[in-house]
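Chemist: Can you keep this structure in mind? I'll have questions shortly.
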Amino acid sequence: MFETVLSYYHQGGPVLLALAILSVIALAVGLERLTATLVFTKRLGNARERILQHVGEGNLTMARAVNSTLPPHPGAKLFEMILAEAKARPSQVRRLQQRLVRTSKTRMWILATIGATSPFIGLFGTVLGIMDAFRRISEAGSGGFQVVSGGISEALITTAAGIFVGIEAMVFFNYLQSQTSHFAAELKDAAEEIVEAMGGPTNEAERGDSRSAAH
């Protein structure tokens, strides 16, 4: 096994080593972000249910205590703002929601960058390999299809590796994009449900309508 890997490295050269490193980085970042997103979404749903239960009973003190003692998740700060005695403005809640969603996309740019550049890095390695094959043919003073095809087949290893790493990174990136969108929707729904349970408007338009009705 080790000899096979070493053989591929000799054929692909430093470019193949760089692609292997990028593959490990993409796998590490993808698994870390996937785990964090799934765990936080689950904790968010649990916190919403517990908080809504106490808010429905009119016990805001217990709702605040539950929010502060549950396992950490990004929505905790948002719920803390909503449950605070000093009522938060809808615009403040919305800005915090957007900030939390941006935070959930941390390091996803790494996956996008690896996915976009890996095939080109592999192609670059192939070009270098082909140039080296022709150089060796020139130095030997003899060529032929067998000599050329051997050098080209070795050089194409980096192209295959680059495509594989690119696919790996983009699969993680696209799936995480969908999970992040799901998390953003869950966060928004949870905030609105808690605000409604407390008897407050969920957006600026509703707040304006309530003020107009009061006058």
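In the structure tokens, chains take the letters A, B, ... in the order shown, each chain's residues start at 1, and ligands count up from 1 in the order shown.
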Please report, as CSV, each residue of stretch 96-198 of chain A lying at most 8 Å from stretch 70-92 of chain A, together with the nearest pair of atoms and the separation in Å rounded to one decimal; use only C-alpha atoms, and order rows by chain and ascending residue number.
Modeler:
residue,atom,partner,partner_atom,distance
A:Leu96,CA,A:Gln92,CA,6.2
A:Gln97,CA,A:Leu78,CA,7.1
A:Leu100,CA,A:Pro74,CA,6.4
A:Leu187,CA,A:Gly75,CA,6.7
A:Ala191,CA,A:Phe79,CA,6.9
A:Ile194,CA,A:Ile82,CA,7.7
A:Val195,CA,A:Ile82,CA,6.9
Chemist: Write a file of the selected residues as a PDB file, in the first residue's frame, keeping N, CA and C atoms.
Modeler:
ATOM      1  N   LEU A  96     -28.984  40.847  14.367  1.00  0.00           N
ATOM      2  CA  LEU A  96     -28.310  39.761  15.081  1.00  0.00           C
ATOM      3  C   LEU A  96     -28.526  38.428  14.365  1.00  0.00           C
ATOM      4  N   GLN A  97     -29.721  38.222  13.826  1.00  0.00           N
ATOM      5  CA  GLN A  97     -29.980  37.014  13.044  1.00  0.00           C
ATOM      6  C   GLN A  97     -29.011  36.922  11.865  1.00  0.00           C
ATOM      7  N   LEU A 100     -25.517  36.052  12.994  1.00  0.00           N
ATOM      8  CA  LEU A 100     -25.375  34.642  13.372  1.00  0.00           C
ATOM      9  C   LEU A 100     -25.312  33.745  12.140  1.00  0.00           C
ATOM     10  N   LEU A 187     -33.720  29.559  12.634  1.00  0.00           N
ATOM     11  CA  LEU A 187     -33.414  30.643  13.564  1.00  0.00           C
ATOM     12  C   LEU A 187     -34.462  31.748  13.467  1.00  0.00           C
ATOM     13  N   ALA A 191     -37.170  32.784  16.461  1.00  0.00           N
ATOM     14  CA  ALA A 191     -37.242  34.141  16.998  1.00  0.00           C
ATOM     15  C   ALA A 191     -38.663  34.697  16.898  1.00  0.00           C
ATOM     16  N   ILE A 194     -41.076  33.020  19.437  1.00  0.00           N
ATOM     17  CA  ILE A 194     -40.892  33.483  20.815  1.00  0.00           C
ATOM     18  C   ILE A 194     -41.460  34.887  20.986  1.00  0.00           C
ATOM     19  N   VAL A 195     -41.209  35.753  19.996  1.00  0.00           N
ATOM     20  CA  VAL A 195     -41.748  37.116  20.060  1.00  0.00           C
ATOM     21  C   VAL A 195     -43.272  37.086  20.072  1.00  0.00           C
TER      22      VAL A 195
END
Chemist: Which of these, A:Thr126, A:Ser153, A:Ser68, A:Gln98, has the shortest distance to A:Ile51 once you count only C-alpha atoms?
Modeler: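 Nearest candidate to A:Ile51 out of A:Thr126, A:Ser153, A:Ser68, A:Gln98: A:Ser68.
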Chemist: For a quick check of understanding, using only C-alpha atoms, which of A:Ala133, A:Leu176, A:Glu196, A:Ser23 has the smallest distance to A:Thr106?
Modeler: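 Closest candidate: A:Leu176.
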Chemist: Under the rule that only C-alpha atoms are counted, which of A:Thr180, A:Gly13, A:Leu27, A:Ala18 is the nearest residue to A:Arg102?
Modeler: A:Thr180
